[in-house]
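Have a look at start.txt below; it lists compact mmCIF, C-alpha atoms and all ligand atoms.
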```txt
# COMPACT_ATOMS: atom_id res chain seq x y z
CA MET A 15 3.83 -26.89 26.71
CA LYS A 16 3.80 -29.16 29.72
CA VAL A 17 3.59 -32.90 29.02
CA ALA A 18 3.98 -36.18 30.87
CA CYS A 19 5.96 -38.59 28.72
CA TYR A 20 7.91 -41.84 28.68
CA ARG A 21 11.61 -41.12 28.12
CA ALA A 22 12.29 -44.84 27.59
CA TYR A 23 10.17 -47.90 26.81
CA GLY A 24 9.13 -49.83 29.88
CA GLY A 25 7.11 -49.17 33.02
CA PRO A 26 5.83 -45.98 34.67
CA GLU A 27 9.24 -45.42 36.31
CA ASN A 28 10.20 -43.98 32.91
CA VAL A 29 7.57 -41.22 33.03
CA GLU A 30 8.73 -37.66 33.47
CA VAL A 31 6.99 -34.31 33.36
CA THR A 32 8.70 -31.88 31.03
CA ASP A 33 8.19 -29.25 28.31
CA LEU A 34 7.86 -30.08 24.64
CA PRO A 35 6.96 -27.88 21.64
CA GLU A 36 3.24 -27.47 20.94
CA PRO A 37 1.85 -29.57 18.09
CA VAL A 38 0.86 -27.80 14.88
CA ALA A 39 -2.59 -28.62 13.51
CA GLY A 40 -2.52 -29.78 9.88
CA ALA A 41 -5.34 -29.58 7.32
CA GLY A 42 -8.60 -30.89 8.79
CA GLN A 43 -7.13 -31.07 12.27
CA LEU A 44 -8.27 -29.42 15.48
CA LEU A 45 -5.83 -27.93 17.94
CA VAL A 46 -7.31 -28.54 21.39
CA ARG A 47 -6.39 -27.18 24.78
CA VAL A 48 -6.48 -30.37 26.85
CA ARG A 49 -8.44 -30.07 30.07
CA ALA A 50 -8.48 -33.76 30.90
CA SER A 51 -7.47 -37.13 29.55
CA SER A 52 -8.09 -40.65 30.82
CA VAL A 53 -6.01 -43.79 31.14
CA ASN A 54 -6.71 -46.85 29.03
CA PRO A 55 -4.67 -50.03 29.51
CA VAL A 56 -3.39 -49.65 25.96
CA ASP A 57 -1.49 -46.49 27.02
CA TRP A 58 0.90 -48.37 29.29
CA LYS A 59 0.95 -51.44 27.02
CA ILE A 60 2.19 -49.25 24.16
CA ALA A 61 4.77 -47.74 26.53
CA ARG A 62 6.37 -51.15 26.98
CA GLY A 63 7.46 -50.90 23.35
CA ASP A 64 6.53 -54.47 22.46
CA PHE A 65 2.75 -54.39 22.26
CA PRO A 66 1.96 -57.00 19.60
CA PHE A 67 -0.59 -54.99 17.66
CA ASN A 68 1.39 -51.78 17.88
CA LEU A 69 2.25 -51.77 14.22
CA VAL A 70 4.09 -48.48 14.56
CA LYS A 71 6.12 -48.34 17.75
CA PRO A 72 5.79 -44.80 19.11
CA GLY A 73 8.89 -42.65 19.00
CA LEU A 74 10.46 -41.36 22.19
CA PRO A 75 9.59 -39.32 24.08
CA TYR A 76 6.16 -41.03 24.03
CA VAL A 77 3.34 -38.83 25.32
CA PRO A 78 0.62 -41.35 26.20
CA GLY A 79 -3.11 -40.81 26.07
CA LEU A 80 -5.78 -41.40 23.42
CA ASP A 81 -8.74 -39.75 25.19
CA VAL A 82 -9.16 -36.00 25.35
CA ALA A 83 -11.66 -33.44 26.58
CA GLY A 84 -10.92 -29.77 26.11
CA GLU A 85 -11.52 -26.56 24.18
CA VAL A 86 -10.84 -25.94 20.55
CA VAL A 87 -8.00 -23.47 20.06
CA ARG A 88 -7.92 -23.80 16.26
CA GLY A 89 -11.07 -25.00 14.55
CA ALA A 90 -11.62 -27.30 11.58
CA GLY A 91 -14.64 -29.02 10.07
CA ASP A 92 -17.74 -28.20 12.10
CA PHE A 93 -15.77 -26.99 15.13
CA ARG A 94 -14.96 -23.39 16.09
CA GLU A 95 -12.58 -21.84 18.59
CA GLY A 96 -13.94 -22.25 22.13
CA ASP A 97 -16.08 -25.32 21.41
CA ARG A 98 -15.94 -27.92 24.19
CA VAL A 99 -15.04 -31.18 22.47
CA TYR A 100 -14.03 -34.73 23.30
CA ALA A 101 -12.50 -37.54 21.29
CA ARG A 102 -10.68 -40.82 21.07
CA ILE A 103 -7.85 -39.41 18.96
CA PRO A 104 -6.76 -41.44 15.92
CA GLY A 105 -3.79 -43.78 15.84
CA THR A 106 -1.81 -45.39 18.62
CA LYS A 107 0.88 -42.78 19.14
CA GLY A 108 -0.91 -41.00 21.99
CA GLY A 109 -0.49 -37.31 22.73
CA THR A 110 -3.22 -36.30 25.19
CA SER A 111 -1.09 -36.22 28.37
CA ALA A 112 -0.14 -32.72 27.26
CA GLU A 113 -1.54 -29.21 27.37
CA ARG A 114 -2.29 -29.20 23.64
CA VAL A 115 -3.06 -31.90 21.10
CA ALA A 116 -3.81 -31.77 17.37
CA PHE A 117 -5.95 -34.42 15.69
CA ASP A 118 -8.41 -35.08 12.88
CA ALA A 119 -11.64 -33.15 13.52
CA ARG A 120 -13.73 -36.13 12.36
CA ALA A 121 -12.80 -37.96 15.58
CA ALA A 122 -14.36 -35.26 17.76
CA ALA A 123 -17.83 -34.44 19.03
CA LYS A 124 -19.08 -31.50 21.02
CA MET A 125 -19.53 -32.35 24.69
CA PRO A 126 -23.07 -32.23 26.08
CA ASP A 127 -23.60 -28.96 27.99
CA ALA A 128 -24.04 -30.75 31.31
CA MET A 129 -20.91 -32.90 30.93
CA GLY A 130 -17.75 -31.84 32.76
CA TYR A 131 -14.24 -32.27 31.38
CA HIS A 132 -13.30 -35.11 33.72
CA GLU A 133 -16.35 -37.12 32.78
CA ALA A 134 -15.94 -36.33 29.08
CA ALA A 135 -12.33 -37.53 29.13
CA ALA A 136 -13.46 -40.82 30.64
CA VAL A 137 -15.89 -41.65 27.86
CA PRO A 138 -14.43 -41.86 24.33
CA LEU A 139 -12.16 -44.88 23.93
CA ALA A 140 -13.86 -47.13 26.46
CA ALA A 141 -17.45 -46.25 25.52
CA LEU A 142 -16.74 -46.47 21.78
CA THR A 143 -15.19 -49.92 22.32
CA ALA A 144 -18.36 -50.97 24.13
CA LEU A 145 -20.60 -49.45 21.45
CA GLN A 146 -18.68 -50.89 18.50
CA GLY A 147 -18.26 -54.27 20.18
CA LEU A 148 -21.95 -54.59 21.02
CA THR A 149 -23.57 -53.13 17.94
CA GLU A 150 -21.11 -53.66 15.07
CA GLN A 151 -19.41 -56.89 16.07
CA ALA A 152 -22.23 -58.56 18.00
CA ARG A 153 -25.06 -56.95 15.94
CA LEU A 154 -27.01 -55.79 19.00
CA PRO A 155 -29.71 -53.45 17.63
CA THR A 156 -29.31 -49.78 18.64
CA VAL A 157 -33.06 -49.53 19.29
CA ASN A 158 -35.69 -51.99 20.44
CA ALA A 159 -33.28 -54.69 21.57
CA GLU A 160 -35.89 -56.21 23.86
CA GLY A 161 -35.47 -59.98 23.88
CA TRP A 162 -31.68 -59.76 23.48
CA ARG A 163 -29.67 -61.19 26.34
CA VAL A 164 -26.23 -59.63 26.88
CA LEU A 165 -23.43 -60.87 29.13
CA VAL A 166 -20.69 -58.34 29.95
CA ILE A 167 -17.53 -59.92 31.42
CA GLY A 168 -15.56 -57.30 33.34
CA ALA A 169 -18.66 -55.19 33.93
CA SER A 170 -16.99 -52.87 36.47
CA GLY A 171 -14.07 -51.81 34.28
CA GLY A 172 -13.71 -48.94 31.83
CA VAL A 173 -15.23 -50.72 28.81
CA GLY A 174 -17.57 -52.99 30.75
CA HIS A 175 -19.34 -50.31 32.77
CA PHE A 176 -20.22 -48.45 29.57
CA ALA A 177 -21.29 -51.70 27.89
CA VAL A 178 -23.75 -52.44 30.69
CA GLN A 179 -25.35 -49.00 30.29
CA ILE A 180 -25.46 -49.07 26.48
CA ALA A 181 -26.99 -52.55 26.36
CA ARG A 182 -29.55 -51.57 28.99
CA ALA A 183 -30.37 -48.32 27.17
CA VAL A 184 -31.21 -50.10 23.91
CA GLY A 185 -33.56 -52.44 25.73
CA ALA A 186 -31.54 -55.61 26.21
CA HIS A 187 -31.50 -57.84 29.27
CA VAL A 188 -28.06 -57.34 30.82
CA THR A 189 -26.01 -59.66 33.03
CA GLY A 190 -22.76 -58.23 34.41
CA VAL A 191 -19.84 -60.35 35.59
CA CYS A 192 -17.77 -58.67 38.29
CA SER A 193 -16.39 -59.35 41.75
CA GLY A 194 -18.70 -59.05 44.76
CA ARG A 195 -17.23 -55.69 45.81
CA ASN A 196 -18.43 -54.15 42.53
CA ALA A 197 -21.86 -55.82 42.37
CA GLU A 198 -23.73 -52.81 43.73
CA MET A 199 -22.06 -50.47 41.26
CA VAL A 200 -22.91 -52.71 38.28
CA THR A 201 -26.52 -53.11 39.42
CA GLY A 202 -26.69 -49.33 39.82
CA LEU A 203 -25.65 -48.95 36.18
CA GLY A 204 -28.67 -50.97 35.09
CA ALA A 205 -27.61 -54.62 35.02
CA HIS A 206 -30.61 -56.91 35.57
CA ALA A 207 -28.40 -59.63 37.01
CA VAL A 208 -24.90 -59.70 38.44
CA ILE A 209 -22.60 -62.72 38.69
CA ASP A 210 -19.68 -62.75 41.12
CA TYR A 211 -16.91 -64.45 39.17
CA THR A 212 -15.05 -65.27 42.37
CA LYS A 213 -17.91 -67.52 43.48
CA VAL A 214 -19.90 -68.70 40.45
CA THR A 215 -18.41 -70.56 37.48
CA THR A 216 -21.50 -71.36 35.38
CA TRP A 217 -22.91 -68.08 34.11
CA ASN A 218 -25.73 -69.26 31.82
CA ALA A 219 -27.96 -70.74 34.52
CA GLY A 220 -30.59 -68.09 33.65
CA GLY A 221 -30.41 -68.81 29.91
CA ASN A 222 -27.96 -68.47 27.03
CA PHE A 223 -26.79 -65.15 25.62
CA ASP A 224 -27.16 -63.38 22.28
CA VAL A 225 -24.08 -61.30 23.05
CA ILE A 226 -21.08 -62.07 25.22
CA LEU A 227 -18.74 -59.07 25.45
CA ASP A 228 -15.52 -60.25 27.07
CA CYS A 229 -13.58 -57.27 28.44
CA VAL A 230 -11.25 -59.45 30.50
CA ALA A 231 -10.15 -61.99 27.90
CA GLY A 232 -8.42 -64.07 30.52
CA GLU A 233 -9.70 -67.39 29.22
CA SER A 234 -10.25 -69.19 25.94
CA PRO A 235 -13.45 -68.22 24.10
CA SER A 236 -14.33 -71.92 24.08
CA ARG A 237 -15.31 -71.63 27.75
CA PHE A 238 -18.03 -69.14 26.78
CA THR A 239 -19.19 -69.99 23.26
CA PRO A 240 -21.35 -72.95 24.45
CA TRP A 241 -23.46 -70.31 26.24
CA LEU A 242 -24.39 -68.52 22.99
CA THR A 243 -27.83 -68.64 21.41
CA ARG A 244 -28.12 -69.53 17.73
CA ARG A 245 -27.87 -65.86 16.73
CA GLY A 246 -25.26 -65.20 19.41
CA SER A 247 -21.80 -63.63 19.12
CA TYR A 248 -18.83 -63.72 21.43
CA VAL A 249 -16.78 -60.49 21.20
CA ASN A 250 -13.32 -60.11 22.71
CA THR A 251 -11.59 -56.79 23.48
CA LEU A 252 -8.13 -58.31 23.81
CA PRO A 253 -7.90 -60.74 20.91
CA ASP A 254 -5.02 -63.13 20.40
CA GLY A 255 -4.26 -65.37 17.43
CA GLY A 256 -6.81 -67.92 18.63
CA VAL A 257 -9.61 -65.34 18.59
CA PHE A 258 -8.70 -64.19 15.08
CA ALA A 259 -8.56 -67.81 13.89
CA ARG A 260 -12.02 -68.47 15.35
CA GLN A 261 -13.30 -65.24 13.81
CA LEU A 262 -12.16 -66.48 10.42
CA LEU A 263 -13.74 -69.90 10.92
CA GLY A 264 -16.98 -68.33 12.14
CA ALA A 265 -17.08 -66.12 9.03
CA LEU A 266 -16.76 -69.30 6.93
CA GLY A 267 -19.72 -70.76 8.80
CA VAL A 268 -17.60 -73.10 10.91
CA GLY A 269 -18.27 -72.93 14.62
CA PRO A 270 -19.70 -70.13 16.71
CA ARG A 271 -19.54 -66.46 15.79
CA VAL A 272 -16.38 -65.10 17.46
CA ARG A 273 -15.33 -61.51 16.86
CA ALA A 274 -12.58 -59.13 17.90
CA VAL A 275 -13.30 -55.46 18.49
CA MET A 276 -10.55 -52.97 17.65
CA VAL A 277 -11.88 -49.56 18.56
CA ARG A 278 -11.67 -46.80 15.98
CA PRO A 279 -12.14 -43.05 16.48
CA ASP A 280 -15.74 -42.12 15.78
CA GLY A 281 -17.23 -38.64 16.18
CA ASP A 282 -20.65 -39.96 15.09
CA GLY A 283 -20.48 -42.66 17.76
CA LEU A 284 -19.78 -40.01 20.40
CA ARG A 285 -22.78 -37.97 19.18
CA TRP A 286 -24.93 -41.10 19.53
CA LEU A 287 -23.60 -41.56 23.07
CA ASN A 288 -24.42 -37.88 23.76
CA GLY A 289 -28.06 -38.83 23.20
CA LEU A 290 -27.86 -41.47 25.94
CA TYR A 291 -26.11 -39.03 28.24
CA GLU A 292 -28.79 -36.43 27.74
CA LYS A 293 -31.47 -39.04 28.55
CA LYS A 294 -29.49 -39.92 31.71
CA GLN A 295 -28.89 -43.43 30.38
CA LEU A 296 -25.09 -43.08 30.39
CA ARG A 297 -22.57 -41.73 32.86
CA ALA A 298 -18.91 -42.32 33.53
CA VAL A 299 -17.92 -43.84 36.85
CA ILE A 300 -14.63 -42.20 37.82
CA ASP A 301 -12.41 -44.24 40.09
CA GLU A 302 -9.83 -41.51 40.71
CA VAL A 303 -8.57 -38.27 39.20
CA PHE A 304 -4.79 -37.77 39.03
CA ALA A 305 -3.02 -34.51 38.23
CA LEU A 306 -0.81 -34.63 35.11
CA ASP A 307 2.26 -34.57 37.37
CA ARG A 308 1.10 -37.95 38.73
CA LEU A 309 0.58 -39.73 35.41
CA ALA A 310 2.96 -42.50 36.49
CA ASP A 311 0.73 -43.24 39.49
CA ALA A 312 -2.34 -43.21 37.26
CA HIS A 313 -0.69 -45.83 35.05
CA ARG A 314 0.35 -47.89 38.09
CA LYS A 315 -3.23 -47.93 39.27
CA SER A 316 -4.53 -49.02 35.87
CA MET A 317 -1.90 -51.78 35.78
CA THR A 318 -3.41 -53.38 38.90
CA GLY A 319 -6.43 -54.38 36.76
CA ARG A 320 -8.71 -53.39 39.62
CA ALA A 321 -9.96 -49.97 38.47
CA ARG A 322 -13.68 -49.31 39.01
CA GLY A 323 -14.83 -47.43 35.95
CA LYS A 324 -12.24 -44.97 34.66
CA ILE A 325 -9.02 -43.32 35.81
CA VAL A 326 -8.91 -39.65 34.76
CA VAL A 327 -5.93 -37.34 34.32
CA ALA A 328 -6.57 -33.65 35.00
CA VAL A 329 -4.30 -31.79 32.61
CA SER A 330 -5.21 -28.11 33.05
CA GLU A 331 -7.98 -26.39 34.96
N1 LIG B 1 -9.54 -53.90 21.36
C1 LIG B 1 -9.77 -52.63 21.73
O1 LIG B 1 -9.98 -51.76 20.88
C2 LIG B 1 -9.77 -52.31 23.19
C3 LIG B 1 -10.34 -51.12 23.64
C4 LIG B 1 -10.40 -50.88 25.01
C5 LIG B 1 -9.86 -51.81 25.90
N2 LIG B 1 -9.26 -52.92 25.41
C6 LIG B 1 -8.72 -53.93 26.32
O2 LIG B 1 -9.82 -54.48 27.04
C7 LIG B 1 -9.43 -54.79 28.37
C8 LIG B 1 -10.37 -54.07 29.33
O3 LIG B 1 -10.17 -52.67 29.26
P1 LIG B 1 -10.74 -51.73 30.39
O4 LIG B 1 -10.36 -50.34 30.07
O5 LIG B 1 -12.16 -52.05 30.64
O6 LIG B 1 -9.85 -52.26 31.64
P2 LIG B 1 -9.93 -51.90 33.15
O7 LIG B 1 -10.81 -50.73 33.37
O8 LIG B 1 -8.53 -51.81 33.66
O9 LIG B 1 -10.62 -53.20 33.81
C9 LIG B 1 -10.55 -53.32 35.18
C10 LIG B 1 -11.77 -54.10 35.66
O10 LIG B 1 -11.66 -55.46 35.27
C11 LIG B 1 -12.29 -56.23 36.27
N3 LIG B 1 -11.81 -57.61 36.24
C12 LIG B 1 -10.53 -58.02 36.37
N4 LIG B 1 -10.48 -59.37 36.28
C13 LIG B 1 -11.75 -59.80 36.10
C14 LIG B 1 -12.35 -61.07 35.91
N5 LIG B 1 -11.62 -62.19 35.90
N6 LIG B 1 -13.67 -61.14 35.70
C15 LIG B 1 -14.43 -60.02 35.69
N7 LIG B 1 -13.92 -58.76 35.88
C16 LIG B 1 -12.60 -58.67 36.08
C17 LIG B 1 -11.91 -55.53 37.55
O11 LIG B 1 -12.90 -55.80 38.54
P3 LIG B 1 -12.49 -56.57 39.89
O12 LIG B 1 -11.49 -55.70 40.59
O13 LIG B 1 -13.79 -56.67 40.61
O14 LIG B 1 -11.92 -57.88 39.46
C18 LIG B 1 -11.89 -54.06 37.17
O15 LIG B 1 -13.08 -53.38 37.51
C19 LIG B 1 -7.96 -54.36 28.49
O16 LIG B 1 -7.16 -55.49 28.26
C20 LIG B 1 -7.79 -53.36 27.37
O17 LIG B 1 -6.45 -53.26 26.91
C21 LIG B 1 -9.22 -53.19 24.09
```
Would you mind giving the structure from this file in structure tokens?
Ligand SMILES: NC(=O)c1ccc[n+]([C@@H]2O[C@H](COP(=O)([O-])OP(=O)(O)OC[C@H]3O[C@@H](n4cnc5c(N)ncnc54)[C@H](OP(=O)(O)O)[C@@H]3O)[C@@H](O)[C@H]2O)c1
Amino acid sequence: MKVACYRAYGGPENVEVTDLPEPVAGAGQLLVRVRASSVNPVDWKIARGDFPFNLVKPGLPYVPGLDVAGEVVRGAGDFREGDRVYARIPGTKGGTSAERVAFDARAAAKMPDAMGYHEAAAVPLAALTALQGLTEQARLPTVNAEGWRVLVIGASGGVGHFAVQIARAVGAHVTGVCSGRNAEMVTGLGAHAVIDYTKVTTWNAGGNFDVILDCVAGESPSRFTPWLTRRGSYVNTLPDGGVFARQLLGALGVGPRVRAVMVRPDGDGLRWLNGLYEKKQLRAVIDEVFALDRLADAHRKSMTGRARGKIVVAVSE
């Protein structure tokens, strides 16, 4: 099967398109014909070979990609041949920049009928990070969240643009932090207020927040925690040792509630997101679609840190 893979650890200059043997689905695993995948920053961070939380360094060749949308070739669990499914596949070893991938069926959900493969590939890892960060780590209710004030830092990126929509859908008041060029997009996704981080430095002028979801993690949490309400949580998608230390202290009742989100595969979470999609409360903004042959360029674009929404990789039509 055709794949795009890293032949050596490092940057996208090490990507090549080649043939590798098809994976074999084990017990409880689906074999999926990959129609599309999407890029998450973790894909190219893992490729560097020194990603701090990469407990198992991937072997070479490394086929990146943790998001998949495609058709079931070999069923398992509730899924049958021909089902249109999508998933954030388990683990950190990747595998979705390839014509076939095998993974645990519990990570998958059927795609909504109206959802195309490109959009479906854009959703899983980023939207599940947003969902788990908001609802599990920050305890945002999944219904009737009126009265909750949510700040999303990095509201125009992959995780942030889903977070804005999820928080809005459950009823919260949403403030998105993005640059001026993305303000219209973030407002269009449902944010009640938008703050241009290139111009404004104090973001709580309209009131403190019950949830701060930091998808940029460029600064110490201590800049933001004074803006939390008493029930508030600050959640970071790119935690370092300082965040974990604060998380521990917060759990012991010392200082503000600081949490890290580490996304896990979650078929049930995707089915919950399907409900929002069907109510037109969730959509993926796609910045650009790259053919599999251009995976290196897709990674280069993600590495700029300027993507609007998601970068998709079209694997097979
Ligand atoms: N822990 C986990 O499980 C997990 C899961 C997913 C992602 N992550 C991590 O979370 C981070 C975000 O992921 P992502 O997929 O959302 O990334 P992304 O799509 O590459 O984010 C790009 C966006 O960030 C915005 N941005 C950059 N600097 C900003 C700033 N200072 N303030 C506000 N917005 C800013 C950019 O907007 P402008 O161009 O307007 O600046 C752009 O729209 C990455 O570091 C990723 O590795 C972690």
7 Å shell around ligand LIG 1 (chain B) using all atoms listed in the file, listed as number ranges by chain: A: 54-56, 139-140, 143, 167-174, 191-196, 211, 229-230, 232, 251-252, 274-277, 316-317, 319-324
Region 280-283 of chain A: which residues within 6 Å, counting all atoms listed in the file, same-chain residues fewer than 5 positions away excluded, as a PDB file with C-alpha atoms, in the coordinates of the input?
```
ATOM      1  CA  ARG A 120     -13.730 -36.130  12.360  1.00  0.00           C
ATOM      2  CA  ALA A 121     -12.800 -37.960  15.580  1.00  0.00           C
ATOM      3  CA  ALA A 122     -14.360 -35.260  17.760  1.00  0.00           C
ATOM      4  CA  ALA A 123     -17.830 -34.440  19.030  1.00  0.00           C
TER       5      ALA A 123
END
```
Contact residues around region 107-117 of chain A with all atoms listed in the file at 7 Å, ignoring same-chain residues under 4 positions, as JSON, numbers by chain: {"A": [15, 16, 17, 18, 36, 37, 38, 39, 43, 44, 45, 46, 47, 48, 51, 72, 77, 78, 79, 80, 81, 82, 103, 306, 329, 330]}
Pull C-alpha atoms from the residues just selected and write them as an mmCIF file, keeping the file's coordinate frame.
```cif
data_model
loop_
_atom_site.group_PDB
_atom_site.id
_atom_site.type_symbol
_atom_site.label_atom_id
_atom_site.label_comp_id
_atom_site.auth_asym_id
_atom_site.auth_seq_id
_atom_site.Cartn_x
_atom_site.Cartn_y
_atom_site.Cartn_z
ATOM 1 C CA MET A 15 3.830 -26.890 26.710
ATOM 2 C CA LYS A 16 3.800 -29.160 29.720
ATOM 3 C CA VAL A 17 3.590 -32.900 29.020
ATOM 4 C CA ALA A 18 3.980 -36.180 30.870
ATOM 5 C CA GLU A 36 3.240 -27.470 20.940
ATOM 6 C CA PRO A 37 1.850 -29.570 18.090
ATOM 7 C CA VAL A 38 0.860 -27.800 14.880
ATOM 8 C CA ALA A 39 -2.590 -28.620 13.510
ATOM 9 C CA GLN A 43 -7.130 -31.070 12.270
ATOM 10 C CA LEU A 44 -8.270 -29.420 15.480
ATOM 11 C CA LEU A 45 -5.830 -27.930 17.940
ATOM 12 C CA VAL A 46 -7.310 -28.540 21.390
ATOM 13 C CA ARG A 47 -6.390 -27.180 24.780
ATOM 14 C CA VAL A 48 -6.480 -30.370 26.850
ATOM 15 C CA SER A 51 -7.470 -37.130 29.550
ATOM 16 C CA PRO A 72 5.790 -44.800 19.110
ATOM 17 C CA VAL A 77 3.340 -38.830 25.320
ATOM 18 C CA PRO A 78 0.620 -41.350 26.200
ATOM 19 C CA GLY A 79 -3.110 -40.810 26.070
ATOM 20 C CA LEU A 80 -5.780 -41.400 23.420
ATOM 21 C CA ASP A 81 -8.740 -39.750 25.190
ATOM 22 C CA VAL A 82 -9.160 -36.000 25.350
ATOM 23 C CA ILE A 103 -7.850 -39.410 18.960
ATOM 24 C CA LEU A 306 -0.810 -34.630 35.110
ATOM 25 C CA VAL A 329 -4.300 -31.790 32.610
ATOM 26 C CA SER A 330 -5.210 -28.110 33.050
#
```
Neighbour list for Asn218 (chain A) as a count of residues only, cut-off 8 Å, only C-alpha atoms, skip fewer than 4 positions in-chain: 3
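Picture a line from CA of Gly40 (chain A) to CA of Ala141 (chain A); it runs 27.2 Å.
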